[in-house]
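**Q** This one is final.cif, mmCIF, C-alpha atoms.
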data_structure
loop_
_atom_site.label_atom_id
_atom_site.label_comp_id
_atom_site.auth_asym_id
_atom_site.auth_seq_id
_atom_site.Cartn_x
_atom_site.Cartn_y
_atom_site.Cartn_z
CA MET A 1056 42.13 119.90 72.53
CA GLU A 1057 43.90 121.20 75.61
CA THR A 1058 43.31 117.91 77.48
CA ASN A 1059 44.64 115.83 74.59
CA THR A 1060 47.70 118.06 74.30
CA ARG A 1061 48.40 117.71 78.02
CA ARG A 1062 48.02 113.91 77.83
CA SER A 1063 50.38 113.76 74.85
CA PHE A 1064 52.95 115.87 76.70
CA ILE A 1065 52.85 113.57 79.76
CA LYS A 1066 53.07 110.45 77.60
CA ASN A 1067 56.01 111.81 75.61
CA THR A 1068 57.83 112.89 78.79
CA ILE A 1069 57.50 109.42 80.37
CA THR A 1070 58.64 107.74 77.17
CA ALA A 1071 61.69 110.00 76.90
CA SER A 1072 62.60 109.44 80.55
CA LEU A 1073 62.47 105.67 80.17
CA ALA A 1074 64.63 105.84 77.05
CA VAL A 1075 67.29 107.82 78.90
CA ALA A 1076 67.26 105.44 81.86
CA ILE A 1077 67.63 102.37 79.66
CA SER A 1078 70.49 103.80 77.61
CA THR A 1079 72.42 105.38 80.51
CA PRO A 1080 75.38 103.38 81.93
CA LEU A 1081 75.43 102.46 85.61
CA ALA A 1082 78.14 105.06 86.27
CA ALA A 1083 75.79 107.84 85.24
CA LEU A 1084 72.97 106.48 87.40
CA ALA A 1085 74.97 106.70 90.64
CA ASP A 1086 73.21 108.48 93.48
CA THR A 1087 74.86 111.90 93.74
CA GLU A 1088 73.27 112.49 97.15
CA ASN A 1089 74.88 109.36 98.66
CA LYS A 1090 71.58 107.71 99.49
CA GLY A 1091 72.94 104.20 99.17
CA ALA A 1092 72.88 103.64 95.41
CA VAL A 1093 75.78 101.67 93.94
CA VAL A 1094 78.47 103.92 92.49
CA ALA A 1095 80.27 102.34 89.54
CA LEU A 1096 84.04 101.99 89.69
CA LYS A 1097 86.18 104.71 88.15
CA PHE A 1098 89.94 104.33 87.81
CA THR A 1099 92.10 107.40 88.47
CA GLN A 1100 95.70 108.33 87.78
CA ILE A 1101 97.79 109.12 90.84
CA PRO A 1102 99.94 112.28 90.75
CA LEU A 1103 103.66 111.65 90.58
CA LYS A 1104 105.57 112.49 93.77
CA TYR A 1105 108.70 113.43 91.80
CA ALA A 1106 109.64 115.33 88.62
CA TYR A 1107 110.05 113.51 85.31
CA ASN A 1108 113.82 113.94 85.46
CA ALA A 1109 114.15 112.99 89.15
CA LEU A 1110 115.02 109.35 88.45
CA GLU A 1111 117.89 110.03 86.07
CA PRO A 1112 120.26 108.52 85.11
CA ASN A 1113 118.40 105.29 85.89
CA ILE A 1114 115.17 106.26 84.11
CA ASP A 1115 115.33 109.22 81.73
CA ALA A 1116 112.98 112.21 81.83
CA LEU A 1117 111.50 111.76 78.35
CA THR A 1118 110.60 108.13 79.02
CA MET A 1119 108.96 109.10 82.33
CA GLU A 1120 106.97 111.90 80.73
CA ILE A 1121 105.72 109.78 77.83
CA HIS A 1122 105.09 106.79 80.08
CA TYR A 1123 102.98 108.83 82.49
CA THR A 1124 101.22 111.38 80.26
CA LYS A 1125 100.61 109.17 77.22
CA HIS A 1126 100.56 105.47 78.07
CA HIS A 1127 99.19 105.63 81.62
CA THR A 1128 96.69 108.38 80.81
CA ALA A 1129 95.36 106.29 77.91
CA TYR A 1130 94.90 103.20 80.09
CA VAL A 1131 92.86 105.18 82.62
CA LYS A 1132 90.66 106.78 79.97
CA ASN A 1133 90.11 103.54 78.07
CA VAL A 1134 89.13 101.44 81.08
CA ASN A 1135 86.67 104.08 82.28
CA ASP A 1136 85.19 104.25 78.79
CA ALA A 1137 84.82 100.46 78.82
CA ILE A 1138 83.19 100.44 82.27
CA ALA A 1139 80.61 102.96 81.08
CA ALA A 1140 79.98 101.49 77.62
CA GLU A 1141 79.75 97.89 78.85
CA ASN A 1142 77.80 98.62 82.04
CA ILE A 1143 80.43 96.82 84.12
CA PRO A 1144 78.86 96.58 87.60
CA TYR A 1145 81.89 96.11 89.86
CA ALA A 1146 82.30 98.79 92.51
CA THR A 1147 85.94 98.25 93.59
CA GLU A 1148 89.25 97.48 91.93
CA ALA A 1149 89.45 94.23 93.91
CA GLU A 1150 86.05 93.11 92.61
CA PHE A 1151 87.02 94.17 89.08
CA PHE A 1152 90.17 92.04 89.12
CA ASN A 1153 88.42 89.14 90.87
CA ASN A 1154 86.29 88.95 87.72
CA ALA A 1155 89.02 89.74 85.19
CA SER A 1156 88.42 86.55 83.19
CA LYS A 1157 84.84 87.68 82.52
CA LEU A 1158 85.80 91.10 81.19
CA SER A 1159 86.26 92.25 77.61
CA ALA A 1160 89.81 92.57 76.31
CA LYS A 1161 89.49 96.37 76.43
CA ALA A 1162 88.34 96.46 80.05
CA ARG A 1163 90.79 93.80 81.23
CA ASN A 1164 93.91 95.17 79.52
CA ASN A 1165 93.28 98.82 80.28
CA GLY A 1166 92.12 98.15 83.83
CA GLY A 1167 95.32 96.26 84.46
CA GLY A 1168 97.35 98.99 82.79
CA ALA A 1169 95.74 101.73 84.89
CA TRP A 1170 96.28 99.91 88.20
CA ASN A 1171 99.71 98.47 87.40
CA HIS A 1172 101.15 101.85 86.47
CA ASN A 1173 99.82 103.56 89.60
CA PHE A 1174 101.47 100.76 91.57
CA PHE A 1175 104.73 101.02 89.61
CA PHE A 1176 105.12 104.81 89.76
CA GLU A 1177 104.31 104.84 93.49
CA THR A 1178 107.20 102.42 94.09
CA LEU A 1179 109.86 104.72 92.62
CA LYS A 1180 111.82 107.53 94.28
CA PRO A 1181 114.86 109.68 93.49
CA GLY A 1182 118.23 109.04 95.08
CA THR A 1183 120.02 105.85 95.99
CA SER A 1184 117.94 102.99 97.33
CA ALA A 1185 119.10 101.57 100.66
CA GLY A 1186 117.29 98.30 100.11
CA PRO A 1187 114.64 96.69 102.33
CA GLN A 1188 114.91 96.87 106.11
CA GLY A 1189 113.38 95.19 109.15
CA LYS A 1190 110.81 92.42 108.79
CA LEU A 1191 110.62 92.75 105.01
CA LYS A 1192 114.35 92.17 104.62
CA ALA A 1193 114.31 89.31 107.12
CA ASP A 1194 111.46 87.57 105.28
CA ILE A 1195 113.10 88.13 101.88
CA ASP A 1196 116.29 86.55 103.25
CA LYS A 1197 114.28 83.65 104.68
CA SER A 1198 112.30 83.08 101.48
CA PHE A 1199 115.07 83.43 98.91
CA GLY A 1200 118.29 82.84 100.83
CA SER A 1201 119.48 86.46 100.77
CA PHE A 1202 118.56 89.81 99.28
CA ASP A 1203 121.13 89.32 96.51
CA LYS A 1204 119.61 85.96 95.61
CA PHE A 1205 116.16 87.57 95.60
CA LYS A 1206 117.44 90.24 93.19
CA GLU A 1207 118.88 87.56 90.93
CA GLN A 1208 115.62 85.60 90.81
CA PHE A 1209 113.43 88.67 90.37
CA SER A 1210 115.70 90.08 87.65
CA ALA A 1211 115.63 86.73 85.85
CA ALA A 1212 111.82 86.68 85.94
CA ALA A 1213 111.73 90.19 84.48
CA ALA A 1214 114.36 89.52 81.81
CA SER A 1215 112.82 86.23 80.69
CA ARG A 1216 109.24 87.51 80.37
CA PHE A 1217 108.69 87.05 76.63
CA GLY A 1218 107.29 90.14 74.94
CA SER A 1219 105.45 92.67 77.08
CA GLY A 1220 104.58 92.17 80.72
CA TRP A 1221 105.55 92.55 84.37
CA ALA A 1222 107.59 90.92 87.13
CA TRP A 1223 106.17 90.84 90.66
CA LEU A 1224 106.98 90.13 94.28
CA VAL A 1225 103.79 89.00 95.98
CA ASN A 1226 102.63 88.04 99.44
CA ASP A 1227 100.68 84.82 99.07
CA LYS A 1228 99.07 84.39 102.49
CA GLY A 1229 102.32 85.04 104.32
CA THR A 1230 104.64 83.44 101.75
CA LEU A 1231 106.77 85.65 99.51
CA LYS A 1232 106.83 84.59 95.86
CA ILE A 1233 108.19 85.90 92.56
CA THR A 1234 106.03 85.73 89.47
CA SER A 1235 105.53 87.43 86.13
CA THR A 1236 102.48 88.21 84.03
CA ALA A 1237 101.90 88.92 80.36
CA ASN A 1238 100.64 92.20 78.96
CA GLN A 1239 98.83 94.20 81.68
CA ASP A 1240 97.75 91.24 83.81
CA ASN A 1241 98.65 91.22 87.50
CA PRO A 1242 98.55 88.76 90.43
CA LEU A 1243 95.16 90.08 91.57
CA PHE A 1244 93.43 88.65 88.49
CA ASP A 1245 91.14 85.71 89.20
CA ASN A 1246 92.95 83.58 86.62
CA ALA A 1247 96.52 84.60 87.52
CA GLU A 1248 99.00 81.71 87.50
CA ILE A 1249 100.31 82.81 90.92
CA LYS A 1250 97.89 84.92 92.94
CA GLY A 1251 98.82 87.14 95.85
CA THR A 1252 99.03 90.68 97.14
CA PRO A 1253 101.54 92.62 95.00
CA LEU A 1254 104.38 94.21 96.95
CA LEU A 1255 106.75 95.17 94.13
CA GLY A 1256 106.24 95.31 90.38
CA LEU A 1257 108.47 96.04 87.41
CA ASP A 1258 107.14 97.13 84.03
CA VAL A 1259 109.09 95.40 81.25
CA TRP A 1260 107.05 96.71 78.34
CA GLU A 1261 109.42 98.31 75.81
CA HIS A 1262 107.77 101.70 76.32
CA ALA A 1263 109.16 101.68 79.88
CA TYR A 1264 112.80 101.61 78.79
CA TYR A 1265 113.42 101.60 75.04
CA LEU A 1266 114.31 105.28 74.55
CA LYS A 1267 117.29 104.94 76.87
CA TYR A 1268 118.15 101.24 76.84
CA GLN A 1269 116.92 100.11 73.38
CA ASN A 1270 116.96 96.29 73.42
CA LYS A 1271 119.08 96.05 76.58
CA ARG A 1272 116.36 95.11 79.01
CA PRO A 1273 118.79 93.62 81.57
CA ASP A 1274 120.52 97.02 81.90
CA TYR A 1275 117.17 98.69 82.58
CA ILE A 1276 116.35 96.06 85.21
CA ALA A 1277 119.75 96.45 86.89
CA ASN A 1278 119.37 100.24 87.18
CA TRP A 1279 115.74 100.07 88.31
CA TRP A 1280 116.91 98.57 91.61
CA ASN A 1281 118.54 101.95 92.37
CA VAL A 1282 115.25 103.87 92.49
CA ILE A 1283 112.93 101.58 94.49
CA ASP A 1284 111.16 103.17 97.45
CA TRP A 1285 111.44 100.28 99.92
CA ASP A 1286 109.41 102.20 102.51
CA VAL A 1287 106.40 101.91 100.19
CA VAL A 1288 107.04 98.19 99.68
CA ALA A 1289 107.33 97.66 103.46
CA LYS A 1290 104.03 99.46 104.06
CA ARG A 1291 102.30 97.19 101.56
CA TYR A 1292 103.77 94.18 103.35
CA SER A 1293 102.57 95.37 106.75
CA ILE A 1294 98.92 95.65 105.73
#
Go ahead and render the structure in this file as structure tokens.
**A**
Amino acid sequence: METNTRRSFIKNTITASLAVAISTPLAALADTENKGAVVALKFTQIPLKYAYNALEPNIDALTMEIHYTKHHTAYVKNVNDAIAAENIPYATEAEFFNNASKLSAKARNNGGGAWNHNFFFETLKPGTSAGPQGKLKADIDKSFGSFDKFKEQFSAAAASRFGSGWAWLVNDKGTLKITSTANQDNPLFDNAEIKGTPLLGLDVWEHAYYLKYQNKRPDYIANWWNVIDWDVVAKRYSI
């Protein structure tokens, strides 16, 4: 009896272990001792480098707080839930976006939302923006005729984006281009209309401006130029 009981215990233990392994997402199977196992991607939310009210009067405090603590937080949670539930194997954000067309709507939209908002919030700073300097300014002038013409073209791309989406300045292998994307897509997606390394991005979803500007998106766009951290944009361009 004792032998049979011991055999049953071993059999049941092995069966239970296999069941756990099969049902556990890749993220939970990552090697915690760093022995070379693949660690699944996990998106994170960057901390803001300014207070919610620091961008006023251009962007109001309540919009910033809701945008960051509600919308952005939800994107991060939802994409990480999708990565775990769907066993998405990609280990980096670049790999994730390089395969965006293969992802579920939940993973694609929330992954884009998580990354895009980190990018957007990092680009903002309090005070009056002095505009781009040095090589970045020179290349903007060369590509678009002048900084003012660049602003006009970028603002037009943002204002004319139908529904929800983004406007972008990208570096396409040394060439500066303006583009826009729908929803939470970005120029890193494998099926983006214009691909490139994002340098500057503007969120034109209504949740980014409606409390203060209502339906006056062009006013929001015009005031957003006042709070751009061009040092951050220049660093992206220099990489």
**Q** Apply the PyMOL selection byres ((chain A and resi 1281) around 12) to the file shown and report the selected residues as an NGL selection string.
**A** :A and (1110-1114 or 1178-1187 or 1206 or 1274-1280 or 1282-1285)
**Q** Expand the PyMOL selection byres ((chain A and resi 1164-1177) around 10) into the explicit residue set it covers here, and present it as an MDAnalysis selection string.
**A** chainID A and resid 1097:1105 1119 1122:1123 1126:1138 1148 1151:1152 1155 1158:1163 1178:1180 1221 1238:1241 1243:1244 1253:1258 1283:1284 1287:1288
**Q** Once you have the residues from the selection above, write them out as an mmCIF file, in the coordinates of the input, restricted to C-alpha atoms.
**A**
data_model
loop_
_atom_site.group_PDB
_atom_site.id
_atom_site.type_symbol
_atom_site.label_atom_id
_atom_site.label_comp_id
_atom_site.auth_asym_id
_atom_site.auth_seq_id
_atom_site.Cartn_x
_atom_site.Cartn_y
_atom_site.Cartn_z
ATOM 1 C CA LYS A 1097 86.180 104.710 88.150
ATOM 2 C CA PHE A 1098 89.940 104.330 87.810
ATOM 3 C CA THR A 1099 92.100 107.400 88.470
ATOM 4 C CA GLN A 1100 95.700 108.330 87.780
ATOM 5 C CA ILE A 1101 97.790 109.120 90.840
ATOM 6 C CA PRO A 1102 99.940 112.280 90.750
ATOM 7 C CA LEU A 1103 103.660 111.650 90.580
ATOM 8 C CA LYS A 1104 105.570 112.490 93.770
ATOM 9 C CA TYR A 1105 108.700 113.430 91.800
ATOM 10 C CA MET A 1119 108.960 109.100 82.330
ATOM 11 C CA HIS A 1122 105.090 106.790 80.080
ATOM 12 C CA TYR A 1123 102.980 108.830 82.490
ATOM 13 C CA HIS A 1126 100.560 105.470 78.070
ATOM 14 C CA HIS A 1127 99.190 105.630 81.620
ATOM 15 C CA THR A 1128 96.690 108.380 80.810
ATOM 16 C CA ALA A 1129 95.360 106.290 77.910
ATOM 17 C CA TYR A 1130 94.900 103.200 80.090
ATOM 18 C CA VAL A 1131 92.860 105.180 82.620
ATOM 19 C CA LYS A 1132 90.660 106.780 79.970
ATOM 20 C CA ASN A 1133 90.110 103.540 78.070
ATOM 21 C CA VAL A 1134 89.130 101.440 81.080
ATOM 22 C CA ASN A 1135 86.670 104.080 82.280
ATOM 23 C CA ASP A 1136 85.190 104.250 78.790
ATOM 24 C CA ALA A 1137 84.820 100.460 78.820
ATOM 25 C CA ILE A 1138 83.190 100.440 82.270
ATOM 26 C CA GLU A 1148 89.250 97.480 91.930
ATOM 27 C CA PHE A 1151 87.020 94.170 89.080
ATOM 28 C CA PHE A 1152 90.170 92.040 89.120
ATOM 29 C CA ALA A 1155 89.020 89.740 85.190
ATOM 30 C CA LEU A 1158 85.800 91.100 81.190
ATOM 31 C CA SER A 1159 86.260 92.250 77.610
ATOM 32 C CA ALA A 1160 89.810 92.570 76.310
ATOM 33 C CA LYS A 1161 89.490 96.370 76.430
ATOM 34 C CA ALA A 1162 88.340 96.460 80.050
ATOM 35 C CA ARG A 1163 90.790 93.800 81.230
ATOM 36 C CA THR A 1178 107.200 102.420 94.090
ATOM 37 C CA LEU A 1179 109.860 104.720 92.620
ATOM 38 C CA LYS A 1180 111.820 107.530 94.280
ATOM 39 C CA TRP A 1221 105.550 92.550 84.370
ATOM 40 C CA ASN A 1238 100.640 92.200 78.960
ATOM 41 C CA GLN A 1239 98.830 94.200 81.680
ATOM 42 C CA ASP A 1240 97.750 91.240 83.810
ATOM 43 C CA ASN A 1241 98.650 91.220 87.500
ATOM 44 C CA LEU A 1243 95.160 90.080 91.570
ATOM 45 C CA PHE A 1244 93.430 88.650 88.490
ATOM 46 C CA PRO A 1253 101.540 92.620 95.000
ATOM 47 C CA LEU A 1254 104.380 94.210 96.950
ATOM 48 C CA LEU A 1255 106.750 95.170 94.130
ATOM 49 C CA GLY A 1256 106.240 95.310 90.380
ATOM 50 C CA LEU A 1257 108.470 96.040 87.410
ATOM 51 C CA ASP A 1258 107.140 97.130 84.030
ATOM 52 C CA ILE A 1283 112.930 101.580 94.490
ATOM 53 C CA ASP A 1284 111.160 103.170 97.450
ATOM 54 C CA VAL A 1287 106.400 101.910 100.190
ATOM 55 C CA VAL A 1288 107.040 98.190 99.680
#
**Q** Measure the distance from atom CA of Tyr1292 of chain A to atom CA of Ile1233 of chain A in Å and round it to one decimal.
**A**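 We find that atom CA of Tyr1292 of chain A and atom CA of Ile1233 of chain A lie 14.3 Å from each other.
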**Q** For a test of reading the model, state the distance in Å between atom CA of Phe1205 of chain A and atom CA of Ala1263 of chain A, rounded to one decimal.
**A**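 These two atoms are separated by 22.3 Å.
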**Q** Quick one: distance from atom CA of Lys1204 of chain A to atom CA of Gly1189 of chain A in Å, one decimal?
**A**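 Spanning atom CA of Lys1204 of chain A to atom CA of Gly1189 of chain A is a straight-line distance of 17.5 Å.
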**Q** Segment 1148-1164 of chain A, all listed atoms, 6 Å padding on each side: what axis-aligned box centre and edge lengths in Å to one decimal come out, as lines of an AutoDock Vina configuration file?
**A**
center_x = 89.4
center_y = 92.0
center_z = 85.1
size_x = 21.1
size_y = 22.9
size_z = 29.6
**Q** Can you spell out as a VMD selection string the set of residues that the PyMOL selection byres ((chain A and resi 1229) around 12) selects in the structure I just provided?
**A** chain A and resid 1191 1194 to 1195 1198 1225 to 1228 1230 to 1232 1251 to 1252 1254 1292 to 1294
**Q** Could you name the residues that touch Tyr1107 of chain A at 8 Å or less, counting only C-alpha atoms, but leaving out those on the same chain fewer than 6 positions away, as a list in words?
**A**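 Using only C-alpha atoms, the neighbours found are Asp1115, Ala1116, Leu1117, Met1119 and Glu1120 of chain A.
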**Q** List every protein, DNA or RNA residue that has at least one atom no more than 7 Å from (89.3, 82.8, 90.2) in the file's coordinates, counting only C-alpha atoms, and write the result as a list in words.
**A** Asn1153, Asp1245 and Asn1246 of chain A
**Q** Name the closest residue to Pro1242 of chain A among the candidates A:Ala1193, A:Ala1149, A:Ala1289, A:Trp1260; distances are taken between atoms, counting only C-alpha atoms.
**A**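 The answer is A:Ala1149, which sits nearest to Pro1242 of chain A.
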**Q** Nearest residue to Ala1214 of chain A out of A:Lys1250, A:Lys1125, A:Arg1291, A:Lys1271, using all atoms listed in the file?
**A**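 Residue with the minimum atom-to-atom distance to Ala1214 of chain A: A:Lys1271.
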